[in-house]
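What follows is the content of my_file09.txt, which has compact mmCIF, C-alpha atoms and all ligand atoms:
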```
# COMPACT_ATOMS: atom_id res chain seq x y z
CA MET A 1 -2.75 128.67 141.96
CA ASP A 2 -1.51 132.20 142.78
CA LYS A 3 0.01 132.34 139.33
CA LEU A 4 -3.49 132.58 137.86
CA LYS A 5 -5.00 135.19 140.20
CA GLY A 6 -6.44 138.42 138.77
CA LYS A 7 -6.00 137.35 135.20
CA VAL A 8 -8.73 137.68 132.60
CA VAL A 9 -10.21 134.77 130.64
CA LEU A 10 -12.79 134.82 127.87
CA VAL A 11 -14.81 131.62 127.56
CA THR A 12 -17.05 131.54 124.50
CA GLY A 13 -20.35 129.68 124.82
CA ALA A 14 -20.20 129.81 128.61
CA SER A 15 -23.90 129.94 129.46
CA LYS A 16 -24.15 126.15 129.72
CA GLY A 17 -22.42 122.81 129.32
CA ILE A 18 -18.64 122.63 129.01
CA GLY A 19 -18.27 126.41 128.70
CA LYS A 20 -20.17 127.06 131.94
CA ALA A 21 -18.14 124.44 133.85
CA THR A 22 -14.95 125.98 132.43
CA ALA A 23 -15.97 129.52 133.41
CA ILE A 24 -16.69 128.35 136.97
CA SER A 25 -13.34 126.52 137.16
CA PHE A 26 -11.49 129.67 136.11
CA ALA A 27 -13.40 131.71 138.70
CA ARG A 28 -12.33 129.14 141.31
CA GLU A 29 -8.74 129.84 140.25
CA GLY A 30 -9.24 133.57 140.90
CA TYR A 31 -9.74 134.67 137.30
CA ARG A 32 -11.97 137.49 136.16
CA VAL A 33 -14.21 135.66 133.70
CA VAL A 34 -15.86 137.02 130.56
CA ILE A 35 -18.88 134.77 130.01
CA ASN A 36 -19.81 134.88 126.34
CA PHE A 37 -23.16 133.51 125.18
CA LYS A 38 -25.35 133.78 122.11
CA SER A 39 -28.97 134.06 123.25
CA ASP A 40 -29.79 132.35 126.56
CA GLN A 41 -29.60 135.34 128.91
CA LYS A 42 -31.20 133.45 131.82
CA ALA A 43 -28.64 130.62 131.68
CA ALA A 44 -25.80 133.14 131.25
CA LYS A 45 -26.93 135.07 134.34
CA ALA A 46 -27.00 131.81 136.33
CA ALA A 47 -23.42 131.06 135.18
CA LEU A 48 -22.35 134.59 136.20
CA LYS A 49 -23.92 134.15 139.64
CA GLU A 50 -21.93 130.95 140.20
CA CYS A 51 -18.70 132.62 139.07
CA ASP A 52 -19.36 135.64 141.29
CA ARG A 53 -19.41 133.35 144.33
CA LEU A 54 -15.79 132.43 143.55
CA SER A 55 -14.11 135.52 142.07
CA GLU A 56 -14.70 139.22 141.39
CA GLY A 57 -15.00 141.31 138.24
CA ASN A 58 -16.78 138.75 136.07
CA ILE A 59 -18.97 139.98 133.22
CA LEU A 60 -21.47 138.72 130.65
CA ALA A 61 -20.74 139.31 126.95
CA LYS A 62 -23.62 138.57 124.60
CA ALA A 63 -22.32 138.00 121.06
CA ASP A 64 -22.86 135.52 118.27
CA VAL A 65 -19.21 134.55 117.72
CA SER A 66 -19.91 133.45 114.17
CA LYS A 67 -20.52 137.13 113.30
CA GLU A 68 -17.44 139.34 113.20
CA ARG A 69 -19.46 142.51 113.75
CA GLU A 70 -20.74 141.19 117.09
CA VAL A 71 -17.29 139.93 118.10
CA VAL A 72 -15.77 143.38 117.43
CA LYS A 73 -18.39 144.91 119.76
CA MET A 74 -17.68 142.30 122.44
CA PHE A 75 -13.93 143.01 122.34
CA SER A 76 -14.40 146.76 122.58
CA GLU A 77 -16.28 146.07 125.86
CA ILE A 78 -13.50 143.71 127.06
CA LYS A 79 -10.84 146.30 126.18
CA LYS A 80 -12.70 149.09 127.93
CA ARG A 81 -13.23 146.99 131.06
CA PHE A 82 -9.96 145.04 131.42
CA ARG A 83 -7.43 146.35 128.84
CA ARG A 84 -5.97 142.82 128.69
CA LEU A 85 -6.77 139.18 128.01
CA ASP A 86 -4.67 136.35 129.43
CA VAL A 87 -6.58 133.28 128.34
CA LEU A 88 -9.00 132.55 125.51
CA VAL A 89 -11.12 129.40 125.48
CA ASN A 90 -12.78 128.91 122.09
CA ASN A 91 -15.59 126.64 123.27
CA ALA A 92 -18.80 127.81 121.53
CA GLY A 93 -20.08 125.25 119.08
CA VAL A 94 -23.17 123.59 117.67
CA PHE A 95 -24.35 120.18 116.56
CA ASP A 96 -26.88 120.09 113.75
CA GLY A 97 -29.35 117.21 113.39
CA SER A 98 -29.56 117.78 109.64
CA ASP A 99 -25.88 116.85 109.23
CA ASN A 100 -25.36 114.43 106.32
CA PRO A 101 -22.91 114.01 103.42
CA ILE A 102 -24.84 116.17 100.93
CA ASN A 103 -26.35 118.97 103.02
CA ILE A 104 -24.23 121.97 102.01
CA LYS A 105 -26.29 124.41 104.12
CA THR A 106 -25.49 122.36 107.22
CA PHE A 107 -21.80 122.24 106.32
CA GLU A 108 -21.82 126.04 106.00
CA ASN A 109 -23.71 126.52 109.27
CA ILE A 110 -21.49 124.14 111.23
CA PHE A 111 -18.23 125.45 109.81
CA ARG A 112 -19.28 129.04 110.56
CA ASN A 113 -20.34 128.25 114.16
CA ASN A 114 -17.65 125.72 115.09
CA PHE A 115 -14.60 126.79 113.11
CA ILE A 116 -14.77 130.26 111.51
CA SER A 117 -16.02 131.56 114.88
CA CYS A 118 -12.71 130.43 116.47
CA VAL A 119 -10.74 132.25 113.78
CA ILE A 120 -12.78 135.42 114.23
CA VAL A 121 -12.55 135.43 118.04
CA THR A 122 -8.83 134.63 118.01
CA LYS A 123 -8.14 137.43 115.51
CA HIS A 124 -9.75 140.00 117.83
CA ALA A 125 -8.32 138.48 121.04
CA LEU A 126 -4.69 138.63 119.95
CA PRO A 127 -4.25 142.44 120.17
CA LEU A 128 -5.21 142.19 123.88
CA MET A 129 -2.91 139.24 124.63
CA LYS A 130 0.74 140.08 125.33
CA THR A 131 1.36 136.57 126.59
CA GLY A 132 -1.03 133.80 127.57
CA LYS A 133 -2.86 130.69 126.52
CA ILE A 134 -5.47 129.72 123.97
CA VAL A 135 -7.44 126.48 124.34
CA ASN A 136 -9.76 125.38 121.53
CA VAL A 137 -12.54 122.88 122.16
CA SER A 138 -12.42 120.22 119.48
CA SER A 139 -14.07 116.78 119.70
CA ILE A 140 -13.06 113.17 119.47
CA HIS A 141 -15.03 113.31 116.18
CA GLY A 142 -12.31 115.56 114.79
CA ARG A 143 -9.55 112.99 115.24
CA LEU A 144 -8.52 111.21 112.10
CA GLY A 145 -11.36 108.92 111.04
CA TYR A 146 -13.24 108.97 114.37
CA GLY A 147 -16.33 110.82 113.13
CA ARG A 148 -19.44 109.27 111.63
CA PRO A 149 -21.51 109.97 108.46
CA SER A 150 -24.39 111.43 110.49
CA ALA A 151 -21.92 113.95 111.96
CA ILE A 152 -19.83 114.43 108.83
CA ALA A 153 -19.80 118.25 108.80
CA TYR A 154 -19.37 118.39 112.60
CA SER A 155 -16.41 115.99 112.42
CA ALA A 156 -14.81 117.94 109.55
CA SER A 157 -15.24 121.24 111.44
CA LYS A 158 -13.46 119.77 114.47
CA ALA A 159 -10.68 118.31 112.29
CA ALA A 160 -10.23 121.87 110.97
CA ILE A 161 -9.89 123.09 114.57
CA GLU A 162 -7.14 120.54 115.22
CA SER A 163 -5.14 121.63 112.17
CA TYR A 164 -5.74 125.30 113.04
CA THR A 165 -4.63 124.67 116.65
CA LYS A 166 -1.30 123.19 115.57
CA ASN A 167 -0.48 125.89 113.01
CA LEU A 168 -1.60 128.67 115.36
CA ALA A 169 0.68 127.16 118.04
CA LYS A 170 3.60 127.41 115.59
CA ALA A 171 2.68 131.00 114.71
CA LEU A 172 2.31 132.28 118.30
CA ALA A 173 4.81 130.33 120.46
CA PRO A 174 6.56 131.07 122.74
CA ARG A 175 4.55 134.23 123.52
CA ILE A 176 1.17 132.49 123.49
CA LEU A 177 0.74 128.72 123.84
CA VAL A 178 -2.11 127.16 121.89
CA ASN A 179 -3.64 123.75 122.60
CA ALA A 180 -7.00 121.98 122.32
CA VAL A 181 -9.12 119.40 124.10
CA ALA A 182 -10.95 116.61 122.28
CA PRO A 183 -13.86 115.39 124.42
CA GLY A 184 -15.92 112.24 124.00
CA ARG A 185 -19.61 112.30 124.97
CA VAL A 186 -20.16 114.95 127.63
CA ALA A 187 -23.47 115.27 129.51
CA THR A 188 -24.56 118.76 128.40
CA PRO A 189 -27.62 120.44 126.84
CA MET A 190 -26.06 119.61 123.44
CA TRP A 191 -27.37 116.08 124.12
CA GLY A 192 -30.69 117.49 125.34
CA ASN A 193 -29.80 117.29 129.06
CA PRO A 194 -29.80 113.49 129.22
CA GLY A 195 -31.31 111.89 132.33
CA VAL A 196 -29.74 109.01 134.26
CA ALA A 197 -30.99 106.22 131.95
CA GLU A 198 -30.10 108.11 128.77
CA GLN A 199 -26.63 108.97 130.15
CA LYS A 200 -26.06 105.31 130.92
CA LYS A 201 -26.97 104.34 127.35
CA LEU A 202 -24.81 107.05 125.79
CA GLY A 203 -21.96 106.22 128.19
CA GLU A 204 -21.79 102.66 126.86
CA ALA A 205 -19.77 104.09 123.95
CA HIS A 206 -16.90 104.78 126.38
CA LEU A 207 -14.55 102.33 128.07
CA ILE A 208 -15.41 104.09 131.35
CA LYS A 209 -19.08 103.07 130.76
CA ARG A 210 -20.53 106.46 131.65
CA MET A 211 -20.80 109.89 130.09
CA ILE A 212 -18.11 112.44 130.81
CA GLN A 213 -19.14 115.34 133.06
CA PRO A 214 -18.50 118.97 131.96
CA ASP A 215 -16.20 119.50 134.98
CA GLU A 216 -13.92 116.73 133.72
CA ILE A 217 -13.35 118.67 130.48
CA ALA A 218 -12.89 121.92 132.42
CA GLU A 219 -10.15 120.22 134.47
CA GLY A 220 -8.30 119.39 131.24
CA ILE A 221 -8.59 122.99 130.05
CA ILE A 222 -7.26 124.32 133.38
CA PHE A 223 -4.36 121.86 133.13
CA LEU A 224 -3.45 123.17 129.67
CA VAL A 225 -3.54 126.74 130.94
CA LYS A 226 -1.40 126.03 134.02
CA ASN A 227 1.19 124.01 132.15
CA ASP A 228 3.91 125.92 130.28
CA ALA A 229 5.42 123.02 128.35
CA VAL A 230 2.48 121.63 126.39
CA CYS A 231 2.30 123.39 123.02
CA GLY A 232 0.22 122.51 119.95
CA GLU A 233 -1.27 119.45 121.66
CA ILE A 234 -4.77 117.99 121.40
CA LEU A 235 -5.66 116.54 124.79
CA THR A 236 -8.09 113.65 124.34
CA ILE A 237 -10.62 113.30 127.17
CA ASP A 238 -12.93 110.67 125.73
CA GLY A 239 -13.32 108.01 128.43
CA GLY A 240 -11.50 105.61 126.12
CA MET A 241 -14.12 106.01 123.36
CA SER A 242 -11.54 106.15 120.59
CA LEU A 243 -10.16 102.75 121.66
CA VAL A 244 -13.49 100.96 121.72
CA THR A 245 -13.57 100.07 118.03
CA LEU A 246 -10.03 98.73 118.20
CA GLY A 247 -10.58 96.17 120.95
N1 LIG B 1 -21.27 117.67 124.64
C1 LIG B 1 -20.43 116.86 124.01
O1 LIG B 1 -20.59 115.61 124.04
C2 LIG B 1 -19.24 117.42 123.26
C3 LIG B 1 -18.28 116.50 122.82
C4 LIG B 1 -17.18 116.99 122.13
C5 LIG B 1 -17.03 118.33 121.91
N2 LIG B 1 -18.00 119.20 122.33
C6 LIG B 1 -17.79 120.61 122.03
O2 LIG B 1 -17.78 121.35 123.24
C7 LIG B 1 -18.27 122.68 123.00
C8 LIG B 1 -19.38 122.98 123.99
O3 LIG B 1 -20.38 121.98 123.83
P1 LIG B 1 -21.55 121.75 124.90
O4 LIG B 1 -21.92 120.34 124.80
O5 LIG B 1 -21.18 122.34 126.19
O6 LIG B 1 -22.70 122.62 124.18
P2 LIG B 1 -24.08 123.22 124.73
O7 LIG B 1 -24.39 122.61 126.03
O8 LIG B 1 -25.03 123.10 123.61
O9 LIG B 1 -23.71 124.76 124.96
C9 LIG B 1 -23.32 125.52 123.87
C10 LIG B 1 -22.89 126.89 124.32
O10 LIG B 1 -22.35 127.58 123.18
C11 LIG B 1 -23.07 128.78 122.99
N3 LIG B 1 -23.09 129.08 121.56
C12 LIG B 1 -23.47 128.30 120.53
N4 LIG B 1 -23.28 128.94 119.36
C13 LIG B 1 -22.78 130.16 119.68
C14 LIG B 1 -22.40 131.29 118.94
N5 LIG B 1 -22.48 131.31 117.60
N6 LIG B 1 -21.95 132.38 119.59
C15 LIG B 1 -21.83 132.39 120.95
N7 LIG B 1 -22.17 131.34 121.71
C16 LIG B 1 -22.65 130.25 121.07
C17 LIG B 1 -24.43 128.58 123.63
O11 LIG B 1 -24.98 129.85 123.96
P3 LIG B 1 -26.59 130.04 124.24
O12 LIG B 1 -26.87 129.26 125.49
O13 LIG B 1 -26.80 131.49 124.46
O14 LIG B 1 -27.29 129.50 123.03
C18 LIG B 1 -24.03 127.75 124.84
O15 LIG B 1 -23.51 128.57 125.84
C19 LIG B 1 -18.71 122.70 121.53
O16 LIG B 1 -17.68 123.25 120.75
C20 LIG B 1 -18.90 121.23 121.21
O17 LIG B 1 -18.74 120.97 119.83
C21 LIG B 1 -19.10 118.77 123.01
```
Would you give me this structure, written as structure tokens?
Ligand SMILES: NC(=O)c1ccc[n+]([C@@H]2O[C@H](COP(=O)([O-])OP(=O)(O)OC[C@H]3O[C@@H](n4cnc5c(N)ncnc54)[C@H](OP(=O)(O)O)[C@@H]3O)[C@@H](O)[C@H]2O)c1
Amino acid sequence: MDKLKGKVVLVTGASKGIGKATAISFAREGYRVVINFKSDQKAAKAALKECDRLSEGNILAKADVSKEREVVKMFSEIKKRFRRLDVLVNNAGVFDGSDNPINIKTFENIFRNNFISCVIVTKHALPLMKTGKIVNVSSIHGRLGYGRPSAIAYSASKAAIESYTKNLAKALAPRILVNAVAPGRVATPMWGNPGVAEQKKLGEAHLIKRMIQPDEIAEGIIFLVKNDAVCGEILTIDGGMSLVTLG
């Protein structure tokens, strides 16, 4: 645990859901956490408050990571404040209800928010990272053939993240190790904050017969950051969802 103390992590999309749980987990490990968010200042402040109970020096960084101009501004703040970055978690992402095979606007929106955003943030993070770790948040939908037609752009954007993760790992190792997590259905605001009954229904898609909790994804991300031998891997945390159709 000491190995992680005092280091700086940027978690994109950390005002809620998986990003918030991840930010709190890093604070618990003694990290100084940069909590990026797009618009929900109230939720971001609540995330900061929870992190501040666990570690010092945490900050909020409001920026739409799909816009390079805003990302440049965010990194000039990070540079001024910390002069370094040890870990980057590319978590921010969106799901779009208008996703279908012919909606080009949705493809463009999803690719910009889920994939190009990762490329932009990584580009501006690298000059601050001498060594360290990058973890991208993919999805079980991004694994070969696991998506569905009503999430066709979303699935393709996550498949792009997987390919990007592996090639980025080749480009940056051994200085910086790059990996990803591929979650199944996680109980977050992305699902509209599902209640107990709704979670039970959605959880039926998993072998574990429940939804995954954000903390359980955060644990996987912390594992990838602590481990120095995993490189270019996509860690599936899907409650067995990807096996369901095979059984
Ligand atoms: N939930 C799942 O079942 C699931 C499964 C697999 C993968 N994932 C992936 O996990 C990641 C997090 O999902 P989640 O369920 O935790 O989502 P969520 O609850 O909807 O939270 C999304 C977070 O991302 C931020 N965000 C969205 N677009 C952004 C942008 N352009 N710039 C900066 N921040 C942005 C939001 O900020 P504001 O609050 O300010 O809007 C919020 O903090 C996503 O990449 C998602 O695709 C989720």
Practice problem: Output the neighbourhood of ligand LIG 1 (chain B) as a PyMOL selection string, that is, all protein and nucleic acid residues with some atom at most 6 Å from the ligand, counting all atoms listed in the file. | Solution: chain A and resi 12-19+37-40+63-66+91-94+113+137-139+183-190
Practice problem: Would you list the contacts of segment 202-205 of chain A as a VMD selection string, taking every protein, DNA or RNA residue within 8 Å and counting all atoms listed in the file, but skipping same-chain residues closer than 6 positions in sequence? | Solution: chain A and resid 185 211 to 212 241 244
Filtering to C-alpha atoms, could you give me those residues as a PDB file, in the coordinates of the input?
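And here's out-v5.pdb as it stands now:
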```
ATOM      1  CA  ARG A 185     -19.610 112.300 124.970  1.00  0.00           C
ATOM      2  CA  MET A 211     -20.800 109.890 130.090  1.00  0.00           C
ATOM      3  CA  ILE A 212     -18.110 112.440 130.810  1.00  0.00           C
ATOM      4  CA  MET A 241     -14.120 106.010 123.360  1.00  0.00           C
ATOM      5  CA  VAL A 244     -13.490 100.960 121.720  1.00  0.00           C
TER       6      VAL A 244
END
```
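Separating atom CA of His124 of chain A from atom CA of Glu68 of chain A is a distance of 9.0 Å.
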Exercise. Quick one: residues within 12 Å of (-18.5, 144.0, 121.1) (file frame), counting all atoms listed in the file, please, as a list in words.
Key: Asn36, Leu60, Ala61, Lys62, Ala63, Asp64, Val65, Lys67, Glu68, Arg69, Glu70, Val71, Val72, Lys73, Met74, Phe75, Ser76, Glu77, Ile78, Lys79, Lys80, Arg81, Val121, His124 and Ala125 of chain A
Write a file of the just-selected residues containing C-alpha atoms, as a tab-separated table (two decimals), in the frame of the given file.
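Okay, this is what ended up in out06.tsv:
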```tsv
chain	number	residue	atom	x	y	z
A	36	ASN	CA	-19.81	134.88	126.34
A	60	LEU	CA	-21.47	138.72	130.65
A	61	ALA	CA	-20.74	139.31	126.95
A	62	LYS	CA	-23.62	138.57	124.60
A	63	ALA	CA	-22.32	138.00	121.06
A	64	ASP	CA	-22.86	135.52	118.27
A	65	VAL	CA	-19.21	134.55	117.72
A	67	LYS	CA	-20.52	137.13	113.30
A	68	GLU	CA	-17.44	139.34	113.20
A	69	ARG	CA	-19.46	142.51	113.75
A	70	GLU	CA	-20.74	141.19	117.09
A	71	VAL	CA	-17.29	139.93	118.10
A	72	VAL	CA	-15.77	143.38	117.43
A	73	LYS	CA	-18.39	144.91	119.76
A	74	MET	CA	-17.68	142.30	122.44
A	75	PHE	CA	-13.93	143.01	122.34
A	76	SER	CA	-14.40	146.76	122.58
A	77	GLU	CA	-16.28	146.07	125.86
A	78	ILE	CA	-13.50	143.71	127.06
A	79	LYS	CA	-10.84	146.30	126.18
A	80	LYS	CA	-12.70	149.09	127.93
A	81	ARG	CA	-13.23	146.99	131.06
A	121	VAL	CA	-12.55	135.43	118.04
A	124	HIS	CA	-9.75	140.00	117.83
A	125	ALA	CA	-8.32	138.48	121.04
```
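Take the candidates A:Ile222, A:Ile134, A:Cys231, A:Ile208 and check each one against Tyr31 of chain A using all atoms listed in the file; the shortest distance goes to A:Ile222.
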Keeping just N, CA, C and O atoms, export segment 93-121 of chain A of this structure as a JSON list (two decimals), in the first residue's frame.
```
[["chain", "number", "residue", "atom", "x", "y", "z"],
["A", 93, "GLY", "N", -17.56, 8.09, -20.00],
["A", 93, "GLY", "CA", -18.20, 7.49, -21.17],
["A", 93, "GLY", "C", -19.69, 7.70, -21.12],
["A", 93, "GLY", "O", -20.25, 8.07, -20.09],
["A", 94, "VAL", "N", -20.33, 7.48, -22.27],
["A", 94, "VAL", "CA", -21.78, 7.68, -22.34],
["A", 94, "VAL", "C", -22.45, 6.50, -23.03],
["A", 94, "VAL", "O", -21.82, 5.77, -23.81],
["A", 95, "PHE", "N", -23.71, 6.31, -22.72],
["A", 95, "PHE", "CA", -24.57, 5.40, -23.47],
["A", 95, "PHE", "C", -25.64, 6.27, -24.10],
["A", 95, "PHE", "O", -26.09, 7.23, -23.48],
["A", 96, "ASP", "N", -26.04, 5.95, -25.32],
["A", 96, "ASP", "CA", -26.99, 6.80, -26.02],
["A", 96, "ASP", "C", -28.18, 5.95, -26.47],
["A", 96, "ASP", "O", -28.01, 5.00, -27.24],
["A", 97, "GLY", "N", -29.36, 6.31, -25.96],
["A", 97, "GLY", "CA", -30.58, 5.54, -26.25],
["A", 97, "GLY", "C", -30.95, 5.52, -27.72],
["A", 97, "GLY", "O", -31.76, 4.69, -28.15],
["A", 98, "SER", "N", -30.39, 6.43, -28.51],
["A", 98, "SER", "CA", -30.73, 6.45, -29.94],
["A", 98, "SER", "C", -29.76, 5.60, -30.77],
["A", 98, "SER", "O", -29.74, 5.67, -32.00],
["A", 99, "ASP", "N", -29.00, 4.77, -30.07],
["A", 99, "ASP", "CA", -28.03, 3.88, -30.75],
["A", 99, "ASP", "C", -28.76, 2.86, -31.62],
["A", 99, "ASP", "O", -29.65, 2.15, -31.15],
["A", 100, "ASN", "N", -28.45, 2.82, -32.89],
["A", 100, "ASN", "CA", -28.97, 1.78, -33.80],
["A", 100, "ASN", "C", -28.06, 1.70, -35.02],
["A", 100, "ASN", "O", -27.20, 2.56, -35.21],
["A", 101, "PRO", "N", -28.22, 0.68, -35.87],
["A", 101, "PRO", "CA", -27.24, 0.46, -36.94],
["A", 101, "PRO", "C", -27.10, 1.58, -37.96],
["A", 101, "PRO", "O", -26.10, 1.65, -38.67],
["A", 102, "ILE", "N", -28.10, 2.49, -38.05],
["A", 102, "ILE", "CA", -28.00, 3.49, -39.13],
["A", 102, "ILE", "C", -27.90, 4.93, -38.63],
["A", 102, "ILE", "O", -27.92, 5.86, -39.43],
["A", 103, "ASN", "N", -27.80, 5.12, -37.33],
["A", 103, "ASN", "CA", -27.78, 6.48, -36.79],
["A", 103, "ASN", "C", -26.33, 7.01, -36.71],
["A", 103, "ASN", "O", -25.63, 6.83, -35.72],
["A", 104, "ILE", "N", -25.93, 7.67, -37.77],
["A", 104, "ILE", "CA", -24.53, 8.14, -37.88],
["A", 104, "ILE", "C", -24.22, 9.17, -36.79],
["A", 104, "ILE", "O", -23.11, 9.17, -36.23],
["A", 105, "LYS", "N", -25.18, 10.04, -36.51],
["A", 105, "LYS", "CA", -24.97, 11.08, -35.47],
["A", 105, "LYS", "C", -24.63, 10.43, -34.12],
["A", 105, "LYS", "O", -23.77, 10.89, -33.39],
["A", 106, "THR", "N", -25.35, 9.34, -33.82],
["A", 106, "THR", "CA", -25.08, 8.64, -32.55],
["A", 106, "THR", "C", -23.71, 7.98, -32.58],
["A", 106, "THR", "O", -22.98, 8.03, -31.59],
["A", 107, "PHE", "N", -23.36, 7.39, -33.70],
["A", 107, "PHE", "CA", -22.00, 6.80, -33.82],
["A", 107, "PHE", "C", -20.96, 7.88, -33.53],
["A", 107, "PHE", "O", -20.01, 7.65, -32.78],
["A", 108, "GLU", "N", -21.15, 9.07, -34.16],
["A", 108, "GLU", "CA", -20.16, 10.14, -33.98],
["A", 108, "GLU", "C", -20.10, 10.59, -32.52],
["A", 108, "GLU", "O", -19.02, 10.77, -31.96],
["A", 109, "ASN", "N", -21.29, 10.75, -31.91],
["A", 109, "ASN", "CA", -21.35, 11.21, -30.51],
["A", 109, "ASN", "C", -20.68, 10.18, -29.58],
["A", 109, "ASN", "O", -19.87, 10.54, -28.72],
["A", 110, "ILE", "N", -21.01, 8.92, -29.79],
["A", 110, "ILE", "CA", -20.48, 7.88, -28.89],
["A", 110, "ILE", "C", -18.98, 7.71, -29.09],
["A", 110, "ILE", "O", -18.22, 7.60, -28.13],
["A", 111, "PHE", "N", -18.54, 7.70, -30.33],
["A", 111, "PHE", "CA", -17.09, 7.54, -30.57],
["A", 111, "PHE", "C", -16.33, 8.72, -29.98],
["A", 111, "PHE", "O", -15.24, 8.55, -29.43],
["A", 112, "ARG", "N", -16.88, 9.93, -30.09],
["A", 112, "ARG", "CA", -16.18, 11.10, -29.56],
["A", 112, "ARG", "C", -16.10, 11.02, -28.03],
["A", 112, "ARG", "O", -15.06, 11.24, -27.44],
["A", 113, "ASN", "N", -17.21, 10.65, -27.40],
["A", 113, "ASN", "CA", -17.25, 10.64, -25.92],
["A", 113, "ASN", "C", -16.58, 9.42, -25.30],
["A", 113, "ASN", "O", -16.03, 9.50, -24.21],
["A", 114, "ASN", "N", -16.64, 8.27, -25.98],
["A", 114, "ASN", "CA", -16.12, 7.04, -25.36],
["A", 114, "ASN", "C", -14.70, 6.70, -25.83],
["A", 114, "ASN", "O", -13.96, 6.07, -25.10],
["A", 115, "PHE", "N", -14.37, 7.08, -27.06],
["A", 115, "PHE", "CA", -13.07, 6.65, -27.59],
["A", 115, "PHE", "C", -12.10, 7.80, -27.85],
["A", 115, "PHE", "O", -11.01, 7.84, -27.29],
["A", 116, "ILE", "N", -12.52, 8.77, -28.70],
["A", 116, "ILE", "CA", -11.61, 9.88, -29.01],
["A", 116, "ILE", "C", -11.21, 10.61, -27.73],
["A", 116, "ILE", "O", -10.07, 11.06, -27.59],
["A", 117, "SER", "N", -12.13, 10.67, -26.77],
["A", 117, "SER", "CA", -11.83, 11.32, -25.49],
["A", 117, "SER", "C", -10.62, 10.66, -24.81],
["A", 117, "SER", "O", -9.75, 11.33, -24.27],
["A", 118, "CYS", "N", -10.55, 9.32, -24.88],
["A", 118, "CYS", "CA", -9.41, 8.59, -24.29],
["A", 118, "CYS", "C", -8.11, 8.97, -24.97],
["A", 118, "CYS", "O", -7.07, 9.13, -24.33],
["A", 119, "VAL", "N", -8.19, 9.10, -26.30],
["A", 119, "VAL", "CA", -6.98, 9.43, -27.07],
["A", 119, "VAL", "C", -6.52, 10.84, -26.71],
["A", 119, "VAL", "O", -5.32, 11.09, -26.49],
["A", 120, "ILE", "N", -7.49, 11.75, -26.62],
["A", 120, "ILE", "CA", -7.15, 13.15, -26.29],
["A", 120, "ILE", "C", -6.53, 13.23, -24.89],
["A", 120, "ILE", "O", -5.47, 13.83, -24.69],
["A", 121, "VAL", "N", -7.19, 12.61, -23.91],
["A", 121, "VAL", "CA", -6.70, 12.71, -22.52],
["A", 121, "VAL", "C", -5.32, 12.06, -22.41],
["A", 121, "VAL", "O", -4.41, 12.60, -21.78]]
```
